[in-house]
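Participant: Before anything else, here's the structure in question.
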Amino acid sequence: MNYINTMEDLFDMLDRYTEGVDWDAFYTKRDKPAPFLKYHNLPDKCVVDFINKHNIRNACEFGCGEGRNAIYLAKNNVDTEAYDLSEIAIENAKRKARESKAEKVVFKAENIFAIDFRDKKFGLVIDSGIFHHLAPHRRLQYRDIVSSILAEKGYFILLCFAAGKDGADEVDDYEFYRSRQTGVAFTEERLKEFWGETFDAVDLREGENIVNDQMWESEYLYICVFQKG
Ligand SMILES: C[S@@+](CC[C@H](N)C(=O)[O-])C[C@H]1O[C@@H](n2cnc3c(N)ncnc32)[C@H](O)[C@@H]1O
């Protein structure tokens with residue numbers, strides 16, 4: 001019998017109710033037209049631009065997938081920890097890091113809500129595509145985790161589906177649970193409202209379609225740089 005006795009029971013029940021993409025199957029089959037699979041060796045343009053402007057010592061990436069941003073950071077002398085739920089993605093990321101001799105990155109297959117960070121602090125946290133897959137009941141906890149592991153004045157780079165483009169569904173949080181969405185698009189207003197509670201908005205903009213042999217960016221994404229006050 002299933003009963004809800006604690007807040008954790010409630011969250012577990014909602015997690016099961018909203019279980020979305022099977023990420024191990026996604027990375028095994030590779031049959032979805034997702035640009036981050038196609039350009040799996042290229043970092044996000046906003047990450048490259050950011051690293052060219054800032055001197056960052058250490059970073060953490062959530063939902064790192066096959067490690068394209070984390071490997072780029074490591075090769076640019078940033079000590080990096082990178083986490084993803086999918087063991088397949090993490091195996092691929094570790095292999096790619098070995099092949100490209102990126103030594104300053106540690107990849108771990110873990111659910112971000114189960115990681116024990118103790119007193120760790122990072123100068124930069126990156127989320128390229130995980131926030132828009134989180135169910136609304138997990139978002140507040142996620143914002144607290146990002147904030148708690150960022151050093152004072154640390155930066156948070158967030159890339160998520162942009163409202164008004166074809167990439168994802170535009171639903172409010174009630175509709176999310178009614179229709180069991182797997183990815184949600186955000187407006188600039190909504191991103192400022194949610195993340196602005198905790199962070200200062202440094203740079204928020206719509207993405208453009210850009211690809212070269214160093215980096216890529218997509219018009220389906222909204223790109224944000226926030227800073228902890
Ligand atoms: C859209 S993919 C983006 C992957 C990668 N950031 C990239 O752009 O190449 C979202 C990733 O978030 C991961 N993910 C989703 N929920 C997670 C969770 N609770 N903890 C850790 N990773 C998670 C998925 O396994 C998936 O690899």
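Just so we're on the same page: first chain in the structure tokens is A, next is B, and so on; residues restart at 1 for each chain, and ligands are numbered from 1 in the order they show up.
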Go through stretch 38-156 of chain A and collect every residue that DSSP, computed from the backbone, puts in helix (DSSP H, G or I); the answer should be as a PDB file with C-alpha atoms, in the first residue's frame.

Facilitator:
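Done, and the output landed in selection36.pdb:
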ATOM      1  CA  LYS A  38      23.831  16.233 -33.039  1.00  0.00           C
ATOM      2  CA  LYS A  45      28.145  29.507 -27.372  1.00  0.00           C
ATOM      3  CA  CYS A  46      27.107  31.350 -24.200  1.00  0.00           C
ATOM      4  CA  VAL A  47      29.455  29.147 -22.147  1.00  0.00           C
ATOM      5  CA  VAL A  48      32.372  29.882 -24.504  1.00  0.00           C
ATOM      6  CA  ASP A  49      31.587  33.626 -24.443  1.00  0.00           C
ATOM      7  CA  PHE A  50      31.363  33.571 -20.646  1.00  0.00           C
ATOM      8  CA  ILE A  51      34.674  31.739 -20.138  1.00  0.00           C
ATOM      9  CA  ASN A  52      36.393  34.163 -22.522  1.00  0.00           C
ATOM     10  CA  LYS A  53      35.290  37.070 -20.286  1.00  0.00           C
ATOM     11  CA  ARG A  68      30.053  18.824 -23.970  1.00  0.00           C
ATOM     12  CA  ASN A  69      30.124  21.905 -21.673  1.00  0.00           C
ATOM     13  CA  ALA A  70      31.922  20.232 -18.759  1.00  0.00           C
ATOM     14  CA  ILE A  71      34.722  18.948 -21.028  1.00  0.00           C
ATOM     15  CA  TYR A  72      35.076  22.409 -22.558  1.00  0.00           C
ATOM     16  CA  LEU A  73      35.390  23.946 -19.063  1.00  0.00           C
ATOM     17  CA  ALA A  74      37.962  21.343 -17.982  1.00  0.00           C
ATOM     18  CA  LYS A  75      40.033  21.974 -21.092  1.00  0.00           C
ATOM     19  CA  GLU A  87      24.356   6.303 -16.579  1.00  0.00           C
ATOM     20  CA  ILE A  88      24.647   5.923 -20.360  1.00  0.00           C
ATOM     21  CA  ALA A  89      25.240   9.670 -20.812  1.00  0.00           C
ATOM     22  CA  ILE A  90      27.826   9.673 -18.022  1.00  0.00           C
ATOM     23  CA  GLU A  91      29.672   6.643 -19.479  1.00  0.00           C
ATOM     24  CA  ASN A  92      29.841   8.468 -22.822  1.00  0.00           C
ATOM     25  CA  ALA A  93      30.973  11.679 -21.110  1.00  0.00           C
ATOM     26  CA  LYS A  94      33.774   9.876 -19.255  1.00  0.00           C
ATOM     27  CA  ARG A  95      34.960   8.210 -22.463  1.00  0.00           C
ATOM     28  CA  LYS A  96      34.949  11.531 -24.318  1.00  0.00           C
ATOM     29  CA  ALA A  97      36.863  13.231 -21.481  1.00  0.00           C
ATOM     30  CA  ARG A  98      39.527  10.463 -21.608  1.00  0.00           C
ATOM     31  CA  GLU A  99      39.781  10.693 -25.403  1.00  0.00           C
ATOM     32  CA  ILE A 112      20.694  16.194  -8.535  1.00  0.00           C
ATOM     33  CA  PHE A 113      18.163  15.992  -5.696  1.00  0.00           C
ATOM     34  CA  ALA A 114      20.181  13.248  -3.980  1.00  0.00           C
ATOM     35  CA  PHE A 131      15.380  23.080 -15.543  1.00  0.00           C
ATOM     36  CA  HIS A 132      12.754  22.966 -18.306  1.00  0.00           C
ATOM     37  CA  HIS A 133      12.356  19.205 -17.707  1.00  0.00           C
ATOM     38  CA  PRO A 136       7.083  22.408 -10.895  1.00  0.00           C
ATOM     39  CA  HIS A 137       7.110  20.794  -7.418  1.00  0.00           C
ATOM     40  CA  ARG A 138      10.912  20.328  -7.733  1.00  0.00           C
ATOM     41  CA  ARG A 139      11.778  23.822  -8.962  1.00  0.00           C
ATOM     42  CA  LEU A 140      11.973  25.596  -5.592  1.00  0.00           C
ATOM     43  CA  GLN A 141      14.247  22.874  -4.212  1.00  0.00           C
ATOM     44  CA  TYR A 142      16.356  23.142  -7.374  1.00  0.00           C
ATOM     45  CA  ARG A 143      16.718  26.928  -6.977  1.00  0.00           C
ATOM     46  CA  ASP A 144      17.829  26.419  -3.357  1.00  0.00           C
ATOM     47  CA  ILE A 145      20.449  23.854  -4.419  1.00  0.00           C
ATOM     48  CA  VAL A 146      21.864  26.141  -7.121  1.00  0.00           C
ATOM     49  CA  SER A 147      21.983  29.056  -4.681  1.00  0.00           C
ATOM     50  CA  SER A 148      23.531  27.044  -1.843  1.00  0.00           C
ATOM     51  CA  ILE A 149      26.456  25.742  -3.924  1.00  0.00           C
TER      52      ILE A 149
END

Participant: For ligand 1, return the neighbouring residues as number ranges by chain (distance at most 7 Å; only C-alpha atoms and all ligand atoms).

Facilitator: A: 23, 36-37, 40, 62-68, 83-86, 89, 110-113, 127-130, 133-134

Participant: Include N, CA and C atoms and write out the residues we just selected as a CSV table (one decimal), in the first residue's frame.

Facilitator:
chain,number,residue,atom,x,y,z
A,23,TRP,N,15.8,8.8,-20.0
A,23,TRP,CA,17.0,9.4,-20.6
A,23,TRP,C,18.0,8.3,-21.0
A,36,PHE,N,21.4,18.9,-29.1
A,36,PHE,CA,22.5,18.6,-28.2
A,36,PHE,C,23.1,17.2,-28.4
A,37,LEU,N,22.3,16.4,-29.2
A,37,LEU,CA,22.8,15.0,-29.6
A,37,LEU,C,23.7,15.2,-30.9
A,40,HIS,N,27.1,17.0,-30.1
A,40,HIS,CA,27.5,16.5,-28.7
A,40,HIS,C,28.9,16.8,-28.4
A,62,PHE,N,24.8,20.7,-13.9
A,62,PHE,CA,23.7,19.8,-13.7
A,62,PHE,C,23.1,19.4,-15.0
A,63,GLY,N,22.7,18.1,-15.1
A,63,GLY,CA,22.1,17.6,-16.3
A,63,GLY,C,23.1,17.7,-17.4
A,64,CYS,N,24.4,17.3,-17.2
A,64,CYS,CA,25.5,17.5,-18.1
A,64,CYS,C,25.4,16.7,-19.4
A,65,GLY,N,24.5,15.7,-19.4
A,65,GLY,CA,24.4,14.8,-20.6
A,65,GLY,C,25.8,14.2,-20.9
A,66,GLU,N,26.2,14.3,-22.2
A,66,GLU,CA,27.5,13.6,-22.6
A,66,GLU,C,28.7,14.5,-22.4
A,67,GLY,N,28.5,15.6,-21.6
A,67,GLY,CA,29.6,16.4,-21.1
A,67,GLY,C,30.2,17.4,-22.0
A,68,ARG,N,29.4,17.9,-23.0
A,68,ARG,CA,30.1,18.8,-24.0
A,68,ARG,C,30.5,20.1,-23.3
A,83,TYR,N,27.1,16.3,-13.3
A,83,TYR,CA,26.2,15.3,-12.9
A,83,TYR,C,25.0,15.1,-13.9
A,84,ASP,N,24.7,13.8,-14.0
A,84,ASP,CA,23.5,13.5,-14.9
A,84,ASP,C,22.9,12.2,-14.3
A,85,LEU,N,21.6,12.2,-14.5
A,85,LEU,CA,20.8,11.0,-14.1
A,85,LEU,C,21.1,9.8,-14.9
A,86,SER,N,21.4,10.0,-16.1
A,86,SER,CA,21.6,8.9,-17.1
A,86,SER,C,23.0,8.3,-17.0
A,89,ALA,N,24.7,8.4,-20.5
A,89,ALA,CA,25.2,9.7,-20.8
A,89,ALA,C,26.6,9.9,-20.1
A,110,GLU,N,24.2,10.8,-11.1
A,110,GLU,CA,23.4,11.0,-9.9
A,110,GLU,C,22.2,11.9,-10.2
A,111,ASN,N,21.2,11.7,-9.4
A,111,ASN,CA,20.0,12.6,-9.4
A,111,ASN,C,20.4,13.8,-8.6
A,112,ILE,N,20.2,15.0,-9.2
A,112,ILE,CA,20.7,16.2,-8.5
A,112,ILE,C,20.0,16.4,-7.2
A,113,PHE,N,18.8,15.8,-7.0
A,113,PHE,CA,18.2,16.0,-5.7
A,113,PHE,C,18.7,15.1,-4.6
A,127,ASP,N,23.3,25.0,-16.2
A,127,ASP,CA,22.2,24.2,-16.5
A,127,ASP,C,21.8,24.4,-18.0
A,128,SER,N,22.2,23.4,-18.8
A,128,SER,CA,21.8,23.6,-20.2
A,128,SER,C,20.8,22.5,-20.5
A,129,GLY,N,19.6,22.8,-20.1
A,129,GLY,CA,18.5,21.9,-20.5
A,129,GLY,C,17.9,21.0,-19.5
A,130,ILE,N,18.2,21.2,-18.2
A,130,ILE,CA,17.5,20.4,-17.2
A,130,ILE,C,16.3,21.1,-16.6
A,133,HIS,N,12.9,20.6,-17.9
A,133,HIS,CA,12.4,19.2,-17.7
A,133,HIS,C,11.9,18.9,-16.3
A,134,LEU,N,12.2,19.8,-15.3
A,134,LEU,CA,11.8,19.5,-13.9
A,134,LEU,C,10.4,19.8,-13.7

Participant: Do you know which residues are at most 10 Å from A:Phe161 counting only C-alpha atoms, after dropping those on the same chain fewer than 4 positions away, and could you put them as number ranges by chain?

Facilitator: A: 128-133, 165-170, 183-187, 206-207, 218-223

Participant: Would you mind telling me which residue in A:Ala201, A:Leu191, A:Met1, A:Val125 lies nearest to A:Ala151 when using only C-alpha atoms?

Facilitator: A:Val125

Participant: Of the residues A:Ala102, A:Val171, A:Leu14, A:Leu42, which is the one nearest to A:Asn77, using only C-alpha atoms?

Facilitator: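 Answer, going by the shortest atom-to-atom distance: A:Ala102.
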
Participant: Taking the DSSP secondary structure from the backbone, can you list the residues of stretch 72-119 of chain A that are strand (DSSP E or B), as a PyMOL selection string?

Facilitator: chain A and resi 79-84+105-109

Participant: Print the selection's residues with N, CA and C atoms to a file, as a PDB file, in the first residue's frame.

Facilitator:
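Final file, selection_20.pdb:
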ATOM      1  N   ASP A  79      38.230  23.587 -12.814  1.00  0.00           N
ATOM      2  CA  ASP A  79      37.933  22.334 -12.103  1.00  0.00           C
ATOM      3  C   ASP A  79      36.425  22.132 -12.117  1.00  0.00           C
ATOM      4  N   THR A  80      35.979  21.020 -12.689  1.00  0.00           N
ATOM      5  CA  THR A  80      34.540  20.875 -12.951  1.00  0.00           C
ATOM      6  C   THR A  80      33.977  19.566 -12.401  1.00  0.00           C
ATOM      7  N   GLU A  81      32.799  19.677 -11.757  1.00  0.00           N
ATOM      8  CA  GLU A  81      32.027  18.494 -11.375  1.00  0.00           C
ATOM      9  C   GLU A  81      30.777  18.503 -12.241  1.00  0.00           C
ATOM     10  N   ALA A  82      30.416  17.343 -12.788  1.00  0.00           N
ATOM     11  CA  ALA A  82      29.267  17.317 -13.693  1.00  0.00           C
ATOM     12  C   ALA A  82      28.400  16.104 -13.389  1.00  0.00           C
ATOM     13  N   TYR A  83      27.096  16.350 -13.307  1.00  0.00           N
ATOM     14  CA  TYR A  83      26.159  15.322 -12.856  1.00  0.00           C
ATOM     15  C   TYR A  83      25.049  15.100 -13.882  1.00  0.00           C
ATOM     16  N   ASP A  84      24.674  13.842 -14.036  1.00  0.00           N
ATOM     17  CA  ASP A  84      23.508  13.518 -14.854  1.00  0.00           C
ATOM     18  C   ASP A  84      22.878  12.230 -14.339  1.00  0.00           C
ATOM     19  N   VAL A 105      37.888  17.297 -14.995  1.00  0.00           N
ATOM     20  CA  VAL A 105      36.440  17.115 -14.843  1.00  0.00           C
ATOM     21  C   VAL A 105      36.143  15.762 -14.196  1.00  0.00           C
ATOM     22  N   VAL A 106      35.169  15.787 -13.273  1.00  0.00           N
ATOM     23  CA  VAL A 106      34.690  14.555 -12.646  1.00  0.00           C
ATOM     24  C   VAL A 106      33.221  14.405 -13.013  1.00  0.00           C
ATOM     25  N   PHE A 107      32.872  13.272 -13.653  1.00  0.00           N
ATOM     26  CA  PHE A 107      31.479  13.006 -14.028  1.00  0.00           C
ATOM     27  C   PHE A 107      30.865  12.006 -13.065  1.00  0.00           C
ATOM     28  N   LYS A 108      29.628  12.276 -12.649  1.00  0.00           N
ATOM     29  CA  LYS A 108      28.943  11.326 -11.763  1.00  0.00           C
ATOM     30  C   LYS A 108      27.505  11.124 -12.210  1.00  0.00           C
ATOM     31  N   ALA A 109      27.069   9.843 -12.218  1.00  0.00           N
ATOM     32  CA  ALA A 109      25.676   9.532 -12.554  1.00  0.00           C
ATOM     33  C   ALA A 109      24.852   9.640 -11.283  1.00  0.00           C
TER      34      ALA A 109
END

Participant: In Å, rounded to a single decimal, give me how far atom CA of A:Phe226 is from atom CA of A:Glu188.

Facilitator: 12.6 Å

Participant: Could you tell me how far atom CA of A:Gly123 sits from atom CA of A:Lys153, in Å to one decimal place?

Facilitator: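 For atom CA of A:Lys153 relative to atom CA of A:Gly123, the distance reads 7.7 Å.
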